[in-house]
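What follows is coords_27.txt (compact mmCIF, C-alpha atoms).
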# COMPACT_ATOMS: atom_id res chain seq x y z
CA SER A 236 13.29 -19.28 8.69
CA TYR A 237 10.31 -21.47 9.67
CA ILE A 238 6.70 -20.95 8.69
CA ARG A 239 4.31 -19.84 11.42
CA LEU A 240 0.77 -21.14 11.45
CA THR A 241 -1.83 -18.49 12.21
CA LYS A 242 -4.99 -20.58 11.90
CA VAL A 243 -6.11 -24.15 11.33
CA ALA A 244 -9.80 -24.72 10.66
CA ALA A 245 -12.34 -26.97 9.03
CA TYR A 246 -13.15 -24.55 6.21
CA PRO A 247 -11.39 -21.69 4.39
CA GLY A 248 -11.60 -18.23 5.95
CA ALA A 249 -13.05 -19.44 9.25
CA PRO A 250 -12.95 -16.77 11.99
CA SER A 251 -10.95 -17.59 15.09
CA SER A 252 -14.12 -18.42 17.03
CA ASN A 253 -14.87 -21.15 14.48
CA ALA A 254 -11.34 -22.42 14.10
CA THR A 255 -12.05 -25.84 15.64
CA TRP A 256 -8.40 -26.63 16.23
CA HIS A 257 -7.34 -23.14 17.36
CA LEU A 258 -4.25 -23.32 19.64
CA ARG A 259 -4.06 -27.09 19.20
CA TYR A 260 -1.13 -27.24 16.83
CA SER A 261 2.54 -26.35 16.63
CA THR A 262 5.17 -26.45 13.91
CA SER A 263 8.65 -27.82 13.61
CA GLY A 264 10.94 -27.26 10.66
CA SER A 265 9.35 -25.81 7.57
CA SER A 266 6.37 -28.07 7.08
CA ALA A 267 5.52 -30.45 9.96
CA VAL A 268 2.35 -29.91 11.98
CA TYR A 269 2.03 -31.41 15.45
CA TRP A 270 -1.39 -31.71 16.99
CA GLY A 271 -2.14 -31.16 20.65
CA PHE A 272 -3.27 -28.63 23.21
CA HIS A 273 -0.92 -26.26 25.07
CA GLY A 274 2.06 -28.46 24.31
CA ALA A 275 0.35 -31.77 25.09
CA LEU A 276 0.42 -33.65 21.80
CA SER A 277 -2.89 -35.41 22.23
CA GLY A 278 -6.54 -34.94 21.44
CA THR A 279 -9.76 -36.51 20.27
CA ALA A 280 -10.13 -37.06 16.53
CA GLY A 281 -13.07 -35.08 15.21
CA SER A 282 -13.21 -32.96 18.34
CA ASN A 283 -10.00 -31.04 18.84
CA ILE A 284 -7.81 -32.67 16.20
CA PRO A 285 -8.72 -33.81 12.67
CA ARG A 286 -9.86 -37.32 11.89
CA THR A 287 -7.62 -39.50 9.77
CA GLY A 288 -8.09 -38.47 6.16
CA GLU A 289 -10.09 -35.36 7.06
CA THR A 290 -9.45 -32.17 5.06
CA TYR A 291 -8.46 -29.06 6.97
CA TYR A 292 -7.27 -25.60 5.96
CA VAL A 293 -4.21 -23.76 7.17
CA SER A 294 -3.30 -20.06 7.21
CA TYR A 295 0.35 -19.26 7.74
CA THR A 296 3.06 -16.68 7.40
CA THR A 297 6.56 -17.35 6.17
CA PRO A 298 9.69 -15.19 6.08
CA VAL A 299 10.47 -13.58 2.74
CA PRO A 300 13.96 -13.52 1.16
CA SER A 301 16.09 -10.41 1.56
CA THR A 302 15.59 -9.67 -2.15
CA GLN A 303 11.98 -8.80 -1.27
CA PHE A 304 13.23 -5.47 0.10
CA THR A 305 15.35 -4.38 -2.85
CA ALA A 306 14.20 -1.79 -5.38
CA GLN A 307 12.39 -3.76 -8.09
CA THR A 308 11.00 -2.57 -11.42
CA PHE A 309 7.62 -3.76 -12.71
CA THR A 310 5.60 -3.19 -15.86
CA ASP A 311 2.84 -5.74 -15.19
CA SER A 312 0.59 -5.96 -12.14
CA SER A 313 0.58 -9.77 -12.23
CA ASP A 314 4.30 -9.68 -11.48
CA VAL A 315 3.62 -7.28 -8.62
CA LEU A 316 1.06 -9.65 -7.11
CA ALA A 317 3.41 -12.60 -7.50
CA THR A 318 6.08 -10.69 -5.57
CA TYR A 319 4.12 -8.89 -2.84
CA GLY A 320 0.92 -10.92 -2.56
CA ALA A 321 -2.75 -10.17 -3.05
CA GLU A 322 -4.17 -6.69 -2.87
CA ALA A 323 -5.24 -5.26 0.49
CA SER A 324 -6.41 -1.79 1.46
CA GLY A 325 -2.96 -0.48 2.36
CA SER A 326 -0.68 -2.82 0.48
CA LEU A 327 2.17 -2.20 -1.91
CA SER A 328 0.40 -4.51 -4.36
CA THR A 329 -2.65 -2.23 -4.46
CA ALA A 330 -0.65 0.97 -4.94
CA ALA A 331 1.51 -0.57 -7.65
CA SER A 332 -1.52 -1.96 -9.47
CA LEU A 333 -3.23 1.43 -9.38
CA ALA A 334 -0.19 3.18 -10.84
CA LEU A 335 0.06 0.66 -13.67
CA GLU A 336 -3.69 0.69 -14.36
CA ASN A 337 -3.49 4.45 -14.83
CA GLY A 338 -0.82 4.15 -17.49
CA ALA A 339 2.55 4.27 -15.75
CA PRO A 340 5.01 2.75 -18.24
CA ALA A 341 6.97 1.23 -15.36
CA ILE A 342 7.19 1.51 -11.59
CA ILE A 343 9.90 0.90 -9.01
CA CYS A 344 8.72 -0.66 -5.75
CA VAL A 345 10.66 -0.74 -2.49
CA GLN A 346 9.09 -2.66 0.37
CA VAL A 347 9.93 -1.34 3.83
CA SER A 348 11.69 -3.95 5.95
CA GLY A 349 10.62 -4.24 9.58
CA SER A 350 8.19 -1.95 11.36
CA LEU A 351 6.79 0.98 9.41
CA ASN A 352 8.70 3.73 11.19
CA SER A 353 10.50 6.71 9.70
CA ALA A 354 13.95 5.12 10.11
CA ASN A 355 12.97 2.06 8.07
CA TYR A 356 11.28 4.24 5.47
CA GLN A 357 14.52 6.20 5.20
CA THR A 358 16.40 2.96 4.57
CA ALA A 359 13.95 2.17 1.77
CA LEU A 360 14.30 5.68 0.33
CA ASP A 361 18.08 5.37 0.27
CA LYS A 362 17.71 2.44 -2.12
CA LEU A 363 16.37 4.90 -4.72
CA LYS A 364 19.40 7.19 -4.59
CA LYS A 365 21.21 5.54 -7.48
CA LYS A 366 18.09 5.30 -9.65
CA THR A 367 18.08 7.81 -12.48
CA ASN A 368 14.60 7.09 -13.80
CA VAL A 369 12.37 8.01 -10.85
CA ALA A 370 9.80 10.71 -11.65
CA TYR A 371 7.59 10.60 -8.54
CA VAL A 372 8.01 9.05 -5.10
CA VAL A 373 4.79 7.96 -3.37
CA PRO A 374 5.09 6.87 0.27
CA LEU A 375 2.22 4.63 1.33
CA THR A 376 1.72 6.42 4.61
CA SER A 377 0.35 9.73 5.83
CA ASP A 378 2.92 9.87 8.63
CA SER A 379 4.26 13.43 8.73
CA ALA A 380 7.84 12.44 9.57
CA VAL A 381 7.97 10.00 6.66
CA GLN A 382 6.45 12.50 4.23
CA THR A 383 9.00 15.11 5.33
CA ALA A 384 11.80 12.59 4.73
CA VAL A 385 10.42 11.81 1.27
CA LEU A 386 10.31 15.49 0.32
CA SER A 387 13.85 15.98 1.62
CA HIS A 388 14.96 13.00 -0.47
CA CYS A 389 13.36 14.49 -3.60
CA ASN A 390 14.97 17.88 -3.05
CA GLN A 391 18.38 16.36 -2.40
CA GLU A 392 18.27 14.04 -5.41
CA SER A 393 17.01 16.85 -7.65
CA SER A 394 19.89 19.16 -6.75
CA PRO A 395 22.15 20.16 -9.67
CA ILE A 396 25.09 18.26 -8.22
CA ILE A 397 23.14 14.97 -8.28
CA GLY A 398 20.69 15.62 -11.10
CA HIS A 399 18.12 12.91 -10.31
CA GLU A 400 15.08 15.13 -10.91
CA ARG A 401 12.05 13.84 -8.97
CA SER A 402 9.02 14.97 -6.97
CA CYS A 403 6.65 13.32 -4.51
CA ILE A 404 2.91 12.83 -4.38
CA LEU A 405 1.45 12.60 -0.89
CA GLY A 406 -1.90 11.45 0.48
CA LEU A 407 -3.67 11.85 3.81
CA ASP A 408 -6.05 9.74 5.87
CA PRO A 409 -9.80 9.27 5.39
CA TYR A 410 -11.95 11.96 6.98
CA THR A 411 -9.15 14.54 6.81
CA SER A 412 -10.91 17.89 7.05
CA VAL A 413 -10.62 20.66 4.51
CA ASP A 414 -8.80 22.81 7.09
CA ASN A 415 -6.26 20.03 7.70
CA PHE A 416 -5.63 19.63 3.97
CA VAL A 417 -5.00 23.36 3.75
CA SER A 418 -2.69 23.33 6.78
CA LYS A 419 -0.71 20.41 5.40
CA ALA A 420 -0.34 22.09 1.99
CA GLN A 421 0.83 25.30 3.62
CA ALA A 422 3.35 23.38 5.73
CA LEU A 423 4.74 21.60 2.67
CA ASP A 424 4.83 24.67 0.40
CA ASP A 425 7.27 23.05 -2.00
CA LYS A 426 7.22 22.76 -5.79
CA ARG A 427 8.41 19.15 -5.49
CA ALA A 428 5.43 18.05 -3.39
CA ILE A 429 1.90 17.36 -4.62
CA LEU A 430 -0.70 16.88 -1.88
CA VAL A 431 -3.74 15.04 -3.20
CA ALA A 432 -7.31 15.08 -1.87
CA PRO A 433 -9.58 13.38 -0.89
CA GLY A 434 -8.29 11.04 1.79
CA SER A 435 -10.19 7.94 0.71
CA ALA A 436 -11.89 6.13 -2.15
CA THR A 437 -13.23 2.65 -2.83
CA ARG A 438 -11.70 -0.01 -5.04
CA THR A 439 -13.00 -3.29 -6.41
CA THR A 440 -10.24 -5.87 -6.81
CA SER A 441 -10.04 -8.40 -9.62
CA SER A 442 -11.55 -10.98 -7.24
CA GLY A 443 -14.59 -8.76 -6.67
CA THR A 444 -13.68 -7.57 -3.17
CA ILE A 445 -14.67 -3.97 -2.43
CA MET A 446 -12.30 -2.15 -0.10
CA THR A 447 -11.62 1.36 1.12
CA VAL A 448 -8.26 2.78 0.13
CA ARG A 449 -6.57 5.74 1.78
CA GLY A 450 -5.11 8.92 0.32
CA PRO A 451 -1.66 7.46 -0.45
CA MET A 452 -3.31 4.93 -2.78
CA ILE A 453 -5.04 7.76 -4.62
CA ALA A 454 -1.63 9.42 -4.87
CA ALA A 455 -0.24 6.27 -6.49
CA ALA A 456 -3.04 6.31 -9.07
CA LEU A 457 -2.33 9.97 -9.82
CA ALA A 458 1.38 9.22 -10.24
CA GLY A 459 0.46 6.60 -12.82
CA LEU A 460 -1.74 9.05 -14.72
CA ILE A 461 0.88 11.81 -14.76
CA THR A 462 3.70 9.53 -15.94
CA ALA A 463 1.43 8.11 -18.64
CA GLN A 464 1.40 11.42 -20.52
CA ASP A 465 3.54 11.81 -23.64
CA LYS A 466 5.18 14.98 -22.32
CA VAL A 467 6.09 16.00 -18.80
CA VAL A 468 4.28 19.32 -19.23
CA THR A 469 0.99 17.73 -20.38
CA PRO A 470 -1.71 18.68 -17.83
CA VAL A 471 -3.96 15.98 -16.37
CA THR A 472 -6.80 18.37 -15.52
CA GLY A 473 -10.08 16.77 -16.58
CA LYS A 474 -8.56 13.34 -17.14
CA VAL A 475 -10.08 10.26 -15.53
CA ILE A 476 -8.43 8.26 -12.76
CA THR A 477 -9.25 4.56 -13.06
CA GLY A 478 -9.26 1.82 -10.44
CA VAL A 479 -10.84 3.83 -7.63
CA VAL A 480 -14.26 5.39 -7.07
CA ILE A 481 -14.41 8.77 -5.35
CA THR A 482 -17.54 9.99 -3.61
CA ASP A 483 -19.56 12.36 -5.80
CA GLU A 484 -19.39 16.07 -5.01
CA GLN A 485 -18.03 15.61 -1.49
CA TYR A 486 -16.68 19.17 -1.32
CA GLN A 487 -18.57 22.44 -1.50
CA PRO A 488 -17.43 24.93 -4.19
CA TYR A 489 -15.91 27.24 -1.57
CA GLU A 490 -13.98 24.28 -0.10
CA LEU A 491 -12.61 23.41 -3.51
CA ASN A 492 -11.51 27.01 -3.96
CA LEU A 493 -9.91 27.08 -0.51
CA MET A 494 -7.95 23.89 -1.01
CA GLY A 495 -7.03 24.62 -4.61
CA GLY A 496 -5.92 28.12 -3.72
CA ASN A 497 -3.52 26.67 -1.17
CA GLY A 498 -1.99 24.15 -3.51
CA VAL A 499 -3.99 20.98 -2.85
CA CYS A 500 -4.48 18.77 -5.93
CA ILE A 501 -8.14 17.75 -5.76
CA LEU A 502 -9.66 14.72 -7.46
CA THR A 503 -13.40 15.17 -7.87
CA SER A 504 -16.27 13.05 -9.09
CA ALA A 505 -19.63 14.01 -10.56
CA SER A 506 -22.22 11.41 -11.52
CA GLY A 507 -19.74 8.66 -10.84
CA VAL A 508 -17.00 10.03 -13.10

Show me the file's structure as structure tokens.
Amino acid sequence: SYIRLTKVAAYPGAPSSNATWHLRYSTSGSSAVYWGFHGALSGTAGSNIPRTGETYYVSYTTPVPSTQFTAQTFTDSSDVLATYGAEASGSLSTAASLALENGAPAIICVQVSGSLNSANYQTALDKLKKKTNVAYVVPLTSDSAVQTAVLSHCNQESSPIIGHERSCILGLDPYTSVDNFVSKAQALDDKRAILVAPGSATRTTSSGTIMTVRGPMIAAALAGLITAQDKVVTPVTGKVITGVVITDEQYQPYELNLMGGNGVCILTSASGV
């Protein structure tokens, strides 16, 4: 239950090579910092430990409460950030923000507890079984075993005996080839699965940071756009996805036809739109 320091340095964001007091601290309890080197609590002020009254900056991790891993409903991205932290290229915060920015009236987030393997994803999926208001499930991974589990979950929950109608939207990795998109779509071949291309885009966060996001993040944005429509049957062809920038005209016309003909949902951009 203790915090764990990951860096102590003279200025914010210092790389490890410039972290003057790297490996010269330890923690006890939830807040105390002890200075020293390899367990020897000693040092020279201004050299390998701070001077009295000197300002220093600390990066740390801290365990989250068990409630962090429950299924939680959000309608505002500021609440998402307060719960899961700042946006990063593969984070739940980024995916949730993209869904809401594209008009989703509400989203349900389930953070995976522990390592990101298929068993822990399944545990997270099971937390959605009693939810009656899930339209699309978007796993933030391109792992084939996880995506198969998500599709199985959607088919099971959508069965007449359960009646929790839902589908999934899946994304792949950057640089996924056209042939691999086609192969994946053919392997899925299910009306409850939408495979979205391309496998990457760029995003500028509210703080001005530009980052590359992978296919599952694009899938989250698409889920937001689809659920924003007044009617379930309203098509989103020709509508604009916000929050990400897709490379202009990255596919040849014959590649678009090949992917589209095999069931890939393709997001395209021309002249930046």

Would you list the contacts of stretch 336-343 of chain A as a short mmCIF file (atom, residue, chain, number, x, y, z; two decimals) with C-alpha atoms, in the frame of the given file, taking every protein, DNA or RNA residue within 7 Å and counting all atoms listed in the file, but skipping same-chain residues closer than 6 positions in sequence?
data_model
loop_
_atom_site.label_atom_id
_atom_site.label_comp_id
_atom_site.auth_asym_id
_atom_site.auth_seq_id
_atom_site.Cartn_x
_atom_site.Cartn_y
_atom_site.Cartn_z
CA ALA A 306 14.20 -1.79 -5.38
CA GLN A 307 12.39 -3.76 -8.09
CA THR A 308 11.00 -2.57 -11.42
CA PHE A 309 7.62 -3.76 -12.71
CA THR A 310 5.60 -3.19 -15.86
CA ALA A 456 -3.04 6.31 -9.07
CA GLY A 459 0.46 6.60 -12.82
CA LEU A 460 -1.74 9.05 -14.72
CA THR A 462 3.70 9.53 -15.94
CA ALA A 463 1.43 8.11 -18.64
CA ILE A 476 -8.43 8.26 -12.76
CA THR A 477 -9.25 4.56 -13.06
CA GLY A 478 -9.26 1.82 -10.44
#

Closest of A:Ile404, A:Ala323, A:Val475, A:Val413 to A:Asn492 - atom-to-atom distances counting only C-alpha atoms =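 Closest to A:Asn492 of all the choices is A:Val413.
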
task = Measuring atom to atom with all atoms listed in the file, identify which of A:Val347, A:Val499, A:Met446, A:Ala354 is nearest to A:Gly325.
result = A:Met446

Interatomic distance (Å, one decimal) between atom CA of A:Thr305 and atom CA of A:Leu363 = 9.5 Å

request  = Kindly indicate which residue among A:Ala317, A:Asn415, A:Ser328, A:Pro247 lies nearest to A:Thr290, using only C-alpha atoms for the distances.
outcome  = A:Pro247

key: Closest of A:Ile397, A:Ile501, A:Thr329, A:Asp414 to A:Thr447 - atom-to-atom distances counting all atoms listed in the file   =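 For A:Thr447, the nearest of the candidates is A:Thr329.
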
key: Nearest residue to A:Gln382 from the set A:Ser350, A:Thr482, A:Asn368, A:Ser402 (distances using only C-alpha atoms)   =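 Using only C-alpha atoms, the shortest distance to A:Gln382 belongs to A:Ser402.
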
key: Point-to-point distance from atom CA of A:Leu351 to atom CA of A:Val373, Å rounded to tenths   = 14.7 Å

message = Let me make sure I understand: among A:Tyr292, A:Lys366, A:Ser441, A:Lys466, which one has the smallest atom-to-atom distance to A:His399 if we use all atoms listed in the file?
response =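 Looking at the shortest contact to A:His399, the residue is A:Lys366.
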
task = For atom CA of A:Leu502 and atom CA of A:Val315, quote the distance in Å rounded to one decimal.
result =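 Atom-to-atom, atom CA of A:Leu502 to atom CA of A:Val315, that is 25.7 Å.
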
key: A:Gly398 surroundings by all atoms listed in the file, 12 Å radius, close-in-sequence under 4 positions cut, as a VMD selection string   = chain A and resid 364 to 370 389 to 394

inquiry  = Applying 7 Å and only C-alpha atoms, which residues near A:Ala420 remain after dropping the ones on its own chain fewer than 6 positions away? List them as a list in words.
reply    = Leu430, Asn497, Gly498 and Val499 of chain A

Please complete stretch 405-428 of chain A with N, CA and C atoms and give it back as a PDB file, in the coordinates of the input.
ATOM      1  N   LEU A 405       1.779  13.001  -2.248  1.00  0.00           N
ATOM      2  CA  LEU A 405       1.450  12.600  -0.890  1.00  0.00           C
ATOM      3  C   LEU A 405      -0.052  12.523  -0.676  1.00  0.00           C
ATOM      4  N   GLY A 406      -0.484  11.586   0.151  1.00  0.00           N
ATOM      5  CA  GLY A 406      -1.900  11.450   0.480  1.00  0.00           C
ATOM      6  C   GLY A 406      -2.100  11.480   1.986  1.00  0.00           C
ATOM      7  N   LEU A 407      -3.322  11.796   2.395  1.00  0.00           N
ATOM      8  CA  LEU A 407      -3.670  11.850   3.810  1.00  0.00           C
ATOM      9  C   LEU A 407      -4.724  10.796   4.141  1.00  0.00           C
ATOM     10  N   ASP A 408      -5.133  10.772   5.393  1.00  0.00           N
ATOM     11  CA  ASP A 408      -6.050   9.740   5.870  1.00  0.00           C
ATOM     12  C   ASP A 408      -7.503  10.052   5.506  1.00  0.00           C
ATOM     13  N   PRO A 409      -8.358   9.024   5.561  1.00  0.00           N
ATOM     14  CA  PRO A 409      -9.800   9.270   5.390  1.00  0.00           C
ATOM     15  C   PRO A 409     -10.302  10.259   6.449  1.00  0.00           C
ATOM     16  N   TYR A 410     -11.293  10.999   6.089  1.00  0.00           N
ATOM     17  CA  TYR A 410     -11.950  11.960   6.980  1.00  0.00           C
ATOM     18  C   TYR A 410     -11.061  13.151   7.339  1.00  0.00           C
ATOM     19  N   THR A 411      -9.955  13.333   6.602  1.00  0.00           N
ATOM     20  CA  THR A 411      -9.150  14.540   6.810  1.00  0.00           C
ATOM     21  C   THR A 411      -9.999  15.754   6.431  1.00  0.00           C
ATOM     22  N   SER A 412     -10.060  16.726   7.307  1.00  0.00           N
ATOM     23  CA  SER A 412     -10.910  17.890   7.050  1.00  0.00           C
ATOM     24  C   SER A 412     -10.277  18.819   6.014  1.00  0.00           C
ATOM     25  N   VAL A 413     -11.100  19.678   5.467  1.00  0.00           N
ATOM     26  CA  VAL A 413     -10.620  20.660   4.510  1.00  0.00           C
ATOM     27  C   VAL A 413      -9.544  21.535   5.149  1.00  0.00           C
ATOM     28  N   ASP A 414      -9.782  21.969   6.393  1.00  0.00           N
ATOM     29  CA  ASP A 414      -8.800  22.810   7.090  1.00  0.00           C
ATOM     30  C   ASP A 414      -7.465  22.089   7.253  1.00  0.00           C
ATOM     31  N   ASN A 415      -7.507  20.781   7.525  1.00  0.00           N
ATOM     32  CA  ASN A 415      -6.260  20.030   7.700  1.00  0.00           C
ATOM     33  C   ASN A 415      -5.526  19.840   6.373  1.00  0.00           C
ATOM     34  N   PHE A 416      -6.283  19.674   5.282  1.00  0.00           N
ATOM     35  CA  PHE A 416      -5.630  19.630   3.970  1.00  0.00           C
ATOM     36  C   PHE A 416      -4.918  20.954   3.690  1.00  0.00           C
ATOM     37  N   VAL A 417      -5.593  22.041   3.990  1.00  0.00           N
ATOM     38  CA  VAL A 417      -5.000  23.360   3.750  1.00  0.00           C
ATOM     39  C   VAL A 417      -3.754  23.550   4.612  1.00  0.00           C
ATOM     40  N   SER A 418      -3.841  23.178   5.877  1.00  0.00           N
ATOM     41  CA  SER A 418      -2.690  23.330   6.780  1.00  0.00           C
ATOM     42  C   SER A 418      -1.507  22.496   6.318  1.00  0.00           C
ATOM     43  N   LYS A 419      -1.790  21.283   5.868  1.00  0.00           N
ATOM     44  CA  LYS A 419      -0.710  20.410   5.400  1.00  0.00           C
ATOM     45  C   LYS A 419      -0.067  21.000   4.146  1.00  0.00           C
ATOM     46  N   ALA A 420      -0.878  21.492   3.219  1.00  0.00           N
ATOM     47  CA  ALA A 420      -0.340  22.090   1.990  1.00  0.00           C
ATOM     48  C   ALA A 420       0.512  23.312   2.303  1.00  0.00           C
ATOM     49  N   GLN A 421       0.064  24.115   3.246  1.00  0.00           N
ATOM     50  CA  GLN A 421       0.830  25.300   3.620  1.00  0.00           C
ATOM     51  C   GLN A 421       2.145  24.911   4.279  1.00  0.00           C
ATOM     52  N   ALA A 422       2.127  23.830   5.069  1.00  0.00           N
ATOM     53  CA  ALA A 422       3.350  23.380   5.730  1.00  0.00           C
ATOM     54  C   ALA A 422       4.350  22.823   4.724  1.00  0.00           C
ATOM     55  N   LEU A 423       3.850  22.151   3.696  1.00  0.00           N
ATOM     56  CA  LEU A 423       4.740  21.600   2.670  1.00  0.00           C
ATOM     57  C   LEU A 423       5.329  22.720   1.818  1.00  0.00           C
ATOM     58  N   ASP A 424       4.445  23.481   1.178  1.00  0.00           N
ATOM     59  CA  ASP A 424       4.830  24.670   0.400  1.00  0.00           C
ATOM     60  C   ASP A 424       6.105  24.436  -0.406  1.00  0.00           C
ATOM     61  N   ASP A 425       6.074  23.420  -1.246  1.00  0.00           N
ATOM     62  CA  ASP A 425       7.270  23.050  -2.000  1.00  0.00           C
ATOM     63  C   ASP A 425       6.857  22.608  -3.397  1.00  0.00           C
ATOM     64  N   LYS A 426       7.564  23.094  -4.411  1.00  0.00           N
ATOM     65  CA  LYS A 426       7.220  22.760  -5.790  1.00  0.00           C
ATOM     66  C   LYS A 426       7.420  21.290  -6.098  1.00  0.00           C
ATOM     67  N   ARG A 427       8.164  20.571  -5.259  1.00  0.00           N
ATOM     68  CA  ARG A 427       8.410  19.150  -5.490  1.00  0.00           C
ATOM     69  C   ARG A 427       7.441  18.255  -4.727  1.00  0.00           C
ATOM     70  N   ALA A 428       6.421  18.831  -4.135  1.00  0.00           N
ATOM     71  CA  ALA A 428       5.430  18.050  -3.390  1.00  0.00           C
ATOM     72  C   ALA A 428       4.030  18.323  -3.924  1.00  0.00           C
TER      73      ALA A 428
END
